[in-house]
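final.txt follows (compact mmCIF, C-alpha atoms):
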```txt
# COMPACT_ATOMS: atom_id res chain seq x y z
CA MET A 1 38.82 -1.53 -9.56
CA THR A 2 36.57 -4.45 -10.48
CA LYS A 3 33.18 -3.53 -11.93
CA LEU A 4 30.09 -5.28 -10.64
CA GLN A 5 27.83 -6.98 -13.12
CA ILE A 6 24.16 -7.66 -12.45
CA HIS A 7 21.89 -9.32 -15.02
CA GLY A 8 24.59 -8.84 -17.67
CA ARG A 9 24.80 -5.09 -17.06
CA GLU A 10 27.74 -3.31 -15.51
CA ALA A 11 27.02 -1.19 -12.46
CA SER A 12 28.33 2.27 -13.31
CA ASP A 13 30.28 4.55 -11.05
CA ALA A 14 29.80 8.33 -10.70
CA SER A 15 32.46 9.10 -13.33
CA ASP A 16 30.27 7.37 -15.98
CA ARG A 17 27.34 9.78 -15.46
CA ASP A 18 27.02 13.13 -17.17
CA ALA A 19 26.95 16.30 -15.08
CA LYS A 20 23.20 16.89 -15.49
CA ALA A 21 22.30 13.36 -14.35
CA GLN A 22 24.66 13.65 -11.39
CA ALA A 23 23.21 17.06 -10.40
CA GLU A 24 19.68 15.62 -10.59
CA GLY A 25 20.77 12.75 -8.34
CA PHE A 26 22.18 15.11 -5.73
CA ALA A 27 19.05 17.30 -5.89
CA THR A 28 16.89 14.25 -5.25
CA VAL A 29 18.98 13.36 -2.19
CA ARG A 30 18.75 16.94 -0.84
CA GLN A 31 14.98 16.88 -1.28
CA ALA A 32 14.77 13.53 0.53
CA HIS A 33 16.80 14.93 3.43
CA GLU A 34 14.40 17.86 3.72
CA SER A 35 11.37 15.58 4.01
CA GLU A 36 13.01 13.05 6.38
CA MET A 37 12.08 14.97 9.54
CA ALA A 38 8.41 15.26 8.58
CA GLU A 39 8.25 11.61 7.57
CA ASP A 40 9.95 10.38 10.76
CA TYR A 41 7.66 12.49 12.94
CA VAL A 42 4.35 11.55 11.28
CA GLU A 43 5.32 7.87 11.21
CA LEU A 44 6.18 7.98 14.92
CA ILE A 45 3.07 9.99 15.83
CA ALA A 46 0.88 7.40 14.05
CA GLU A 47 2.67 4.60 15.89
CA LEU A 48 2.27 6.29 19.30
CA ILE A 49 -1.43 6.96 18.67
CA GLU A 50 -1.88 3.31 17.70
CA ILE A 51 -0.04 2.03 20.80
CA GLN A 52 -0.98 4.63 23.45
CA GLY A 53 -4.00 6.41 22.01
CA GLU A 54 -2.10 9.70 21.84
CA ALA A 55 1.26 11.18 20.90
CA ARG A 56 2.76 13.45 23.53
CA PRO A 57 5.81 15.62 22.83
CA VAL A 58 7.71 14.00 25.71
CA ASP A 59 7.17 10.54 24.17
CA ILE A 60 8.25 11.78 20.73
CA ALA A 61 11.41 13.32 22.21
CA GLU A 62 12.24 10.10 24.04
CA ARG A 63 11.68 7.88 20.98
CA LEU A 64 13.65 10.15 18.62
CA GLY A 65 16.42 10.81 21.15
CA VAL A 66 16.06 14.59 20.95
CA LYS A 67 15.30 17.35 23.45
CA PRO A 68 11.68 18.50 23.99
CA PRO A 69 12.35 21.98 22.52
CA THR A 70 13.43 20.32 19.27
CA VAL A 71 10.14 18.42 19.17
CA THR A 72 8.17 21.61 19.86
CA LYS A 73 9.94 23.43 17.01
CA ASN A 74 9.41 20.55 14.57
CA ILE A 75 5.77 20.06 15.56
CA SER A 76 5.21 23.76 14.79
CA ARG A 77 6.68 23.17 11.31
CA LEU A 78 4.44 20.14 10.81
CA LYS A 79 1.41 22.14 11.96
CA GLU A 80 2.26 24.89 9.44
CA ALA A 81 2.57 22.21 6.75
CA GLY A 82 -0.90 20.92 7.62
CA LEU A 83 0.31 17.50 8.79
CA VAL A 84 -0.58 17.68 12.49
CA SER A 85 -3.02 19.41 14.80
CA ARG A 86 -2.37 20.34 18.39
CA GLU A 87 -3.72 22.51 21.12
CA ARG A 88 -1.28 24.02 23.58
CA TYR A 89 -0.29 21.50 26.31
CA ARG A 90 -2.28 18.74 24.58
CA ALA A 91 -1.42 15.62 22.61
CA ILE A 92 -0.55 15.79 18.92
CA PHE A 93 -2.79 14.29 16.25
CA LEU A 94 -2.37 13.75 12.53
CA THR A 95 -4.50 15.62 10.04
CA PRO A 96 -5.90 13.57 7.14
CA GLU A 97 -2.88 14.70 5.07
CA GLY A 98 -0.52 13.69 7.91
CA GLN A 99 -2.25 10.31 8.20
CA LYS A 100 -1.84 9.75 4.45
CA LEU A 101 1.89 10.56 4.67
CA ALA A 102 2.31 8.30 7.73
CA GLU A 103 0.66 5.39 5.90
CA ALA A 104 2.93 5.89 2.88
CA CYS A 105 6.00 6.01 5.15
CA ARG A 106 4.98 2.86 7.00
CA ARG A 107 4.40 1.06 3.68
CA ARG A 108 7.86 2.08 2.42
CA HIS A 109 9.42 1.03 5.72
CA ARG A 110 7.74 -2.40 5.67
CA ILE A 111 8.80 -3.06 2.07
CA VAL A 112 12.43 -2.03 2.69
CA VAL A 113 12.63 -4.17 5.86
CA ALA A 114 11.10 -7.17 4.07
CA PHE A 115 13.55 -6.75 1.19
CA LEU A 116 16.56 -6.58 3.53
CA LEU A 117 15.32 -9.62 5.45
CA SER A 118 14.98 -11.50 2.14
CA LEU A 119 18.69 -10.84 1.57
CA GLY A 120 19.50 -12.53 4.88
CA ILE A 121 20.07 -9.36 6.88
CA ASP A 122 19.21 -9.83 10.57
CA GLU A 123 16.04 -8.12 11.82
CA GLU A 124 17.75 -5.51 14.01
CA THR A 125 20.09 -4.39 11.22
CA ALA A 126 17.26 -4.44 8.65
CA GLU A 127 15.11 -2.19 10.85
CA ARG A 128 17.98 0.24 11.48
CA ASP A 129 19.09 0.37 7.84
CA ALA A 130 15.50 0.77 6.62
CA GLU A 131 15.25 4.02 8.62
CA GLY A 132 17.73 5.62 6.24
CA ILE A 133 16.94 3.80 3.00
CA GLU A 134 13.18 4.41 3.12
CA HIS A 135 13.66 8.18 2.70
CA HIS A 136 15.84 7.87 -0.37
CA VAL A 137 14.33 5.02 -2.36
CA SER A 138 12.36 5.86 -5.50
CA GLU A 139 8.94 4.39 -6.18
CA THR A 140 10.49 2.38 -9.05
CA THR A 141 13.09 0.83 -6.75
CA LEU A 142 10.48 0.25 -4.05
CA GLU A 143 8.33 -1.66 -6.54
CA ALA A 144 11.37 -3.77 -7.47
CA PHE A 145 12.04 -4.51 -3.78
CA GLU A 146 8.40 -5.51 -3.36
CA ALA A 147 8.55 -7.79 -6.42
CA VAL A 148 11.65 -9.57 -5.05
CA VAL A 149 9.95 -10.08 -1.69
CA THR A 150 6.76 -11.34 -3.34
CA ARG A 151 8.71 -13.82 -5.49
CA ALA A 152 10.64 -15.03 -2.43
CA HIS A 153 7.37 -15.64 -0.53
CA GLU A 154 5.84 -17.48 -3.49
CA LYS A 155 8.79 -19.91 -3.49
CA HIS A 156 8.20 -20.82 0.16
```
What would the structure in this file look like if it were written as structure tokens?
Amino acid sequence: MTKLQIHGREASDASDRDAKAQAEGFATVRQAHESEMAEDYVELIAELIEIQGEARPVDIAERLGVKPPTVTKNISRLKEAGLVSRERYRAIFLTPEGQKLAEACRRRHRIVVAFLLSLGIDEETAERDAEGIEHHVSETTLEAFEAVVTRAHEKH
């Protein structure tokens, strides 16, 4: 199989990494999967509040493509985690901690989308792909994405 070279360095495959490094990589992915639900929910709640003035469970269910009981269960988890507040049969609001997480998620999402667009990816695909990438990208990689986008904008 042909190895890819970027900036004079060969891109390694999994067989080149030692067991500890590989285990750390998988642990990072598992941790990202665990936080995906919370991040998706707080990002969507912030968006709904911005657009509609409130985030109702029925709107969250519709936007995420899940059943209302799933939303209820996950909102309870977010409430326990201190990310949202809600009174029974009322709209859902972000706590200051939830708002902070939502802002961080939106920032990551915008940077990933901008990076993908800078590669020539169409907007629909960039938005869809960013939904997965944004949960798994490290701060170091995110900063590199942002630098590429900034350089591309400076050229134009």
Original post:
Taking into account only C-alpha atoms, which residue in the set A:Leu83, A:Leu64, A:Ala91, A:Ala144 is nearest to Gln52 in chain A?
Top reply: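 Using only C-alpha atoms, Gln52 in chain A sits closest to A:Ala91.
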Original post:
What's the 9 Å shell around range 54-58 of chain A, counting all atoms listed in the file, without same-chain residues fewer than 2 positions away, as a ChimeraX atom specification?
Top reply: /A:44-52,60-63,67-68,71-72,75,90-93
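Of the listed residues (A:Lys79, A:Glu123, A:Val84, A:Leu142), A:Val84 comes nearest to Lys100 in chain A; the distances count only C-alpha atoms.
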**OP:** Rounded to one decimal place, report the CA of Glu143 in chain A-CA of Val113 in chain A distance in Å.
**Re:**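 Atom-to-atom, CA of Glu143 in chain A and CA of Val113 in chain A are spaced 13.4 Å apart.
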Please put the answer as JSON: centre and edge lengths, in Å with one decimal, of a box along x, y and z that encloses all listed atoms of range 111-126 of chain A plus 3 Å on each side.
```
{"center_x": 14.4, "center_y": -7.3, "center_z": 7.6, "size_x": 17.3, "size_y": 16.5, "size_z": 18.8}
```
Original post:
To one decimal place, how far is CA of Val42 in chain A from CA of Ala102 in chain A in Å?
Top reply: 5.2 Å
Subject >> Given all atoms listed in the file as the counted atoms, nearest of A:Phe145, A:Tyr41, A:Gly120, A:Glu36 to Lys73 in chain A >> reply: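 Checking each candidate against Lys73 in chain A, we get A:Tyr41 as the closest.
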Original post:
Which one is closest to Arg88 in chain A: A:Val148, A:Glu39, A:Ala104, A:Ser76? Count all atoms listed in the file.
Top reply: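 Of A:Val148, A:Glu39, A:Ala104, A:Ser76, the one nearest Arg88 in chain A is A:Ser76, counting all atoms listed in the file.
Among the candidates A:Leu119, A:Leu101, A:Val112, A:Ala152, the residue lying nearest to His136 in chain A is A:Val112 (atoms considered: all atoms listed in the file).
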Subject >> Residue with smallest distance to Gly132 in chain A - pool A:Asp18, A:Asp40, A:Pro96, A:Asp59, counting only C-alpha atoms >> reply: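 Closest to Gly132 in chain A of all the choices is A:Asp40.
Atom pair CA of Val66 in chain A / CA of Glu103 in chain A: separated by 23.4 Å.
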